[in-house]
Amino acid sequence: MDDEHPLFTTRFIKALRSLVKLHHSIYPRIPPQGIFFESLVERAFLAVGWSRAQVIPTAPNSPSHDLTVGKTKVSVKTETGLGTKPTRLSITKLCTTETGEWTSEALIRHVLNHLARYDYILMLRAMLSPGVSFHYQLLDIPLDLLRRIGGLTALPVGRRVGRRSLGMDVPGDGGVLFHVHFDGADGKCQVQRLWVENCRMLLEWDQLTDA
């Protein structure tokens, strides 16, 4: 990290890493995922001086942000599956789009409106390393990067009968930045193959476990 992040400070990152280590003292083979990681993020903010009145989690499975810190709205994501790669990330559910019109224009508008609810997206990624340990990446995913879907067109993909899935590549300088998939089966908007180098790496470390 080149300079101090306005919200994810050095003290916060250190506290969060310590909490991940504590998690592994109880669950040595399972990285923190979903609402469990959200809880660790909440505790890390409290540990560095934010008050309980300033750190407010939203209801589980809420369609908006996951945590309000002061006046800042944070979405918390994890990627911990066996297919997690060090150079490209995936967000399996950026948001859900089950309701409304199933067209490229409507779906992209829905995602942009959803992104407008956040100030930051914080992601923890875990990759299994040789031996019983994990390699972790803690990332700040730029919202402006995801907003590049605006003005593009998602096209039908796959052979599903009924509501077809839609997909599109998001171009950038010199190639594709990431792929967006609107799943016709479950209504999720997924971000696939986003280059990690285009995100802000807050911390990268190896977590050894005892089991």
# chains A, B, ... in the order shown; residues from 1 in each chain; ligands from 1
call {"tool": "residues_around", "arguments": {"residues": "Val20 of chain A", "least_positions_apart": "6", "cutoff": "8 Å", "atoms": "only C-alpha atoms", "output": "NGL selection string"}}
result
:A and (31-32 or 40)
call {"tool": "select_by_dssp", "arguments": {"residues": "chain A", "states": "alpha helix (DSSP H)", "output": "ChimeraX atom specification"}}
result
/A:10-26,34-47,104-115,143-146
call {"tool": "select_by_dssp", "arguments": {"residues": "chain A", "states": "strand (DSSP E)", "output": "PyMOL selection string"}}
result
chain A and resi 55-57+67-69+72-79+88-96+120-129+133-141+155-157+165-172+175-182+188-195+200-208
call {"tool": "atom_distance", "arguments": {"atom1": "atom CA of Val41 of chain A", "atom2": "atom CA of Leu22 of chain A"}}
result
13.0 Å
call {"tool": "atom_distance", "arguments": {"atom1": "atom CA of Gly83 of chain A", "atom2": "atom CA of Leu138 of chain A"}}
result
17.1 Å
call {"tool": "closest_atom_pairs", "arguments": {"of": "segment 4-87 of chain A", "to": "segment 201-205 of chain A", "cutoff": "12 Å", "atoms": "only C-alpha atoms", "output": "Markdown table"}}
result
| residue | atom | partner | partner_atom | distance |
| --- | --- | --- | --- | --- |
| A:Glu4 | CA | A:Leu202 | CA | 9.6 |
| A:His5 | CA | A:Leu202 | CA | 8.5 |
| A:Pro6 | CA | A:Leu202 | CA | 11.9 |
| A:Leu7 | CA | A:Leu202 | CA | 11.2 |
| A:Phe8 | CA | A:Leu202 | CA | 7.9 |
| A:Thr9 | CA | A:Leu202 | CA | 9.0 |
| A:Thr10 | CA | A:Leu202 | CA | 8.7 |
| A:Arg11 | CA | A:Leu202 | CA | 11.6 |
| A:Phe12 | CA | A:Leu202 | CA | 10.4 |
| A:Ile13 | CA | A:Leu203 | CA | 7.4 |
| A:Lys14 | CA | A:Leu203 | CA | 9.1 |
| A:Ala15 | CA | A:Leu203 | CA | 11.9 |
| A:Leu16 | CA | A:Leu203 | CA | 10.3 |
| A:Arg17 | CA | A:Leu203 | CA | 8.8 |
| A:Ser18 | CA | A:Trp205 | CA | 11.7 |
| A:Val20 | CA | A:Trp205 | CA | 11.2 |
| A:Lys21 | CA | A:Trp205 | CA | 11.1 |
| A:Pro86 | CA | A:Glu204 | CA | 10.4 |
| A:Thr87 | CA | A:Met201 | CA | 11.5 |
call {"tool": "write_last_selection", "arguments": {"atoms": "N, CA and C atoms", "output": "tab-separated table (two decimals), in the first residue's frame"}}
result
chain	number	residue	atom	x	y	z
A	4	GLU	N	-1.72	6.07	2.93
A	4	GLU	CA	-2.79	5.75	3.86
A	4	GLU	C	-4.15	5.85	3.17
A	5	HIS	N	-4.94	4.79	3.27
A	5	HIS	CA	-6.28	4.78	2.71
A	5	HIS	C	-7.19	5.63	3.59
A	6	PRO	N	-8.14	6.37	3.03
A	6	PRO	CA	-8.99	7.23	3.85
A	6	PRO	C	-9.87	6.46	4.84
A	7	LEU	N	-10.22	5.22	4.54
A	7	LEU	CA	-11.04	4.43	5.46
A	7	LEU	C	-10.31	3.18	5.95
A	8	PHE	N	-9.70	2.46	5.02
A	8	PHE	CA	-9.00	1.22	5.38
A	8	PHE	C	-7.55	1.57	5.76
A	9	THR	N	-7.40	2.10	6.93
A	9	THR	CA	-6.11	2.59	7.39
A	9	THR	C	-5.17	1.44	7.73
A	10	THR	N	-3.91	1.77	7.96
A	10	THR	CA	-2.93	0.77	8.33
A	10	THR	C	-3.34	0.06	9.62
A	11	ARG	N	-3.85	0.81	10.59
A	11	ARG	CA	-4.29	0.22	11.86
A	11	ARG	C	-5.48	-0.72	11.64
A	12	PHE	N	-6.42	-0.31	10.80
A	12	PHE	CA	-7.57	-1.17	10.49
A	12	PHE	C	-7.11	-2.46	9.84
A	13	ILE	N	-6.22	-2.37	8.85
A	13	ILE	CA	-5.75	-3.55	8.13
A	13	ILE	C	-5.03	-4.50	9.09
A	14	LYS	N	-4.21	-3.96	9.97
A	14	LYS	CA	-3.51	-4.78	10.96
A	14	LYS	C	-4.50	-5.48	11.88
A	15	ALA	N	-5.53	-4.76	12.32
A	15	ALA	CA	-6.55	-5.35	13.19
A	15	ALA	C	-7.32	-6.45	12.47
A	16	LEU	N	-7.64	-6.21	11.21
A	16	LEU	CA	-8.39	-7.21	10.45
A	16	LEU	C	-7.56	-8.47	10.23
A	17	ARG	N	-6.28	-8.29	9.92
A	17	ARG	CA	-5.41	-9.46	9.76
A	17	ARG	C	-5.35	-10.27	11.06
A	18	SER	N	-5.26	-9.60	12.19
A	18	SER	CA	-5.21	-10.30	13.48
A	18	SER	C	-6.50	-11.08	13.72
A	20	VAL	N	-8.46	-12.31	11.35
A	20	VAL	CA	-8.43	-13.47	10.45
A	20	VAL	C	-7.58	-14.58	11.08
A	21	LYS	N	-6.46	-14.20	11.67
A	21	LYS	CA	-5.61	-15.18	12.36
A	21	LYS	C	-6.37	-15.83	13.51
A	86	PRO	N	-4.62	-16.07	-8.23
A	86	PRO	CA	-3.95	-14.89	-7.69
A	86	PRO	C	-4.04	-13.64	-8.55
A	87	THR	N	-4.29	-13.79	-9.85
A	87	THR	CA	-4.23	-12.62	-10.73
A	87	THR	C	-5.59	-12.12	-11.22
call {"tool": "closest_atom_pairs", "arguments": {"of": "segment 42-128 of chain A", "to": "segment 153-173 of chain A", "cutoff": "9 Å", "atoms": "only C-alpha atoms", "output": "Markdown table"}}
result
| residue | atom | partner | partner_atom | distance |
| --- | --- | --- | --- | --- |
| A:Trp102 | CA | A:Arg163 | CA | 8.1 |
| A:Thr103 | CA | A:Ala154 | CA | 8.3 |
| A:Ser104 | CA | A:Ala154 | CA | 5.1 |
| A:Glu105 | CA | A:Thr153 | CA | 7.1 |
| A:Leu107 | CA | A:Ala154 | CA | 8.8 |
| A:Ile108 | CA | A:Thr153 | CA | 8.3 |
call {"tool": "closest_residue", "arguments": {"among": "A:Arg125, A:Leu19, A:Ser64, A:Val180", "to": "Leu89 of chain A", "atoms": "only C-alpha atoms"}}
result
A:Arg125
call {"tool": "closest_residue", "arguments": {"among": "A:Ile56, A:Gly174, A:Lys188, A:Val196", "to": "Pro142 of chain A", "atoms": "only C-alpha atoms"}}
result
A:Val196
call {"tool": "atom_distance", "arguments": {"atom1": "atom CA of Cys95 of chain A", "atom2": "atom CA of His23 of chain A"}}
result
27.1 Å
call {"tool": "residues_around", "arguments": {"residues": "Asn198 of chain A", "least_positions_apart": "4", "cutoff": "12 Å", "atoms": "only C-alpha atoms", "output": "list in words"}}
result
Thr87, Arg88, Leu89, Leu139, Asp140, Ile141, Pro142, Leu143, Asp144, Leu145, Leu146, Gly172, Asp173, Val176, Leu177, Phe178, Arg193 and Leu194 of chain A
call {"tool": "closest_residue", "arguments": {"among": "A:Ser90, A:Thr84, A:Ser39, A:Ser129", "to": "Leu67 of chain A", "atoms": "only C-alpha atoms"}}
result
A:Ser39
call {"tool": "residues_around", "arguments": {"residues": "Ser75 of chain A", "least_positions_apart": "2", "cutoff": "6 Å", "atoms": "only C-alpha atoms", "output": "ChimeraX atom specification"}}
result
/A:65-66,121
call {"tool": "write_last_selection", "arguments": {"atoms": "all heavy atoms", "output": "PDB file, in the first residue's frame"}}
result
ATOM      1  N   HIS A  65     -25.708  -1.924   0.830  1.00  0.00           N
ATOM      2  CA  HIS A  65     -24.362  -2.112   1.375  1.00  0.00           C
ATOM      3  C   HIS A  65     -24.428  -3.016   2.606  1.00  0.00           C
ATOM      4  O   HIS A  65     -25.512  -3.308   3.133  1.00  0.00           O
ATOM      5  CB  HIS A  65     -23.766  -0.767   1.730  1.00  0.00           C
ATOM      6  CG  HIS A  65     -24.604   0.015   2.708  1.00  0.00           C
ATOM      7  ND1 HIS A  65     -25.771   0.645   2.338  1.00  0.00           N
ATOM      8  CD2 HIS A  65     -24.451   0.240   4.033  1.00  0.00           C
ATOM      9  CE1 HIS A  65     -26.303   1.230   3.400  1.00  0.00           C
ATOM     10  NE2 HIS A  65     -25.521   0.994   4.445  1.00  0.00           N
ATOM     11  N   ASP A  66     -23.257  -3.451   3.079  1.00  0.00           N
ATOM     12  CA  ASP A  66     -23.199  -4.359   4.225  1.00  0.00           C
ATOM     13  C   ASP A  66     -22.917  -3.652   5.540  1.00  0.00           C
ATOM     14  O   ASP A  66     -23.306  -4.133   6.609  1.00  0.00           O
ATOM     15  CB  ASP A  66     -22.105  -5.415   3.989  1.00  0.00           C
ATOM     16  CG  ASP A  66     -22.397  -6.276   2.787  1.00  0.00           C
ATOM     17  OD1 ASP A  66     -23.456  -6.905   2.754  1.00  0.00           O
ATOM     18  OD2 ASP A  66     -21.558  -6.302   1.857  1.00  0.00           O
ATOM     19  N   ILE A 121     -15.916  -1.093  -2.057  1.00  0.00           N
ATOM     20  CA  ILE A 121     -16.079  -2.543  -2.019  1.00  0.00           C
ATOM     21  C   ILE A 121     -14.780  -3.126  -1.476  1.00  0.00           C
ATOM     22  O   ILE A 121     -13.709  -2.955  -2.068  1.00  0.00           O
ATOM     23  CB  ILE A 121     -16.375  -3.142  -3.401  1.00  0.00           C
ATOM     24  CG1 ILE A 121     -17.706  -2.617  -3.954  1.00  0.00           C
ATOM     25  CG2 ILE A 121     -16.426  -4.673  -3.324  1.00  0.00           C
ATOM     26  CD1 ILE A 121     -18.061  -3.158  -5.333  1.00  0.00           C
TER      27      ILE A 121
END
call {"tool": "closest_residue", "arguments": {"among": "A:Val55, A:Met123, A:Ile26, A:Ile91", "to": "His181 of chain A", "atoms": "only C-alpha atoms"}}
result
A:Ile91
call {"tool": "closest_residue", "arguments": {"among": "A:Arg52, A:His179, A:Thr92, A:Gln207", "to": "Arg148 of chain A", "atoms": "only C-alpha atoms"}}
result
A:His179
call {"tool": "closest_residue", "arguments": {"among": "A:Leu94, A:Leu128, A:Phe45, A:Phe134", "to": "Asp183 of chain A", "atoms": "only C-alpha atoms"}}
result
A:Leu94
call {"tool": "residues_around", "arguments": {"residues": "Asp206 of chain A", "least_positions_apart": "6", "cutoff": "8 Å", "atoms": "only C-alpha atoms", "output": "list in words"}}
result
Ser133, Phe134, His135 and Tyr136 of chain A
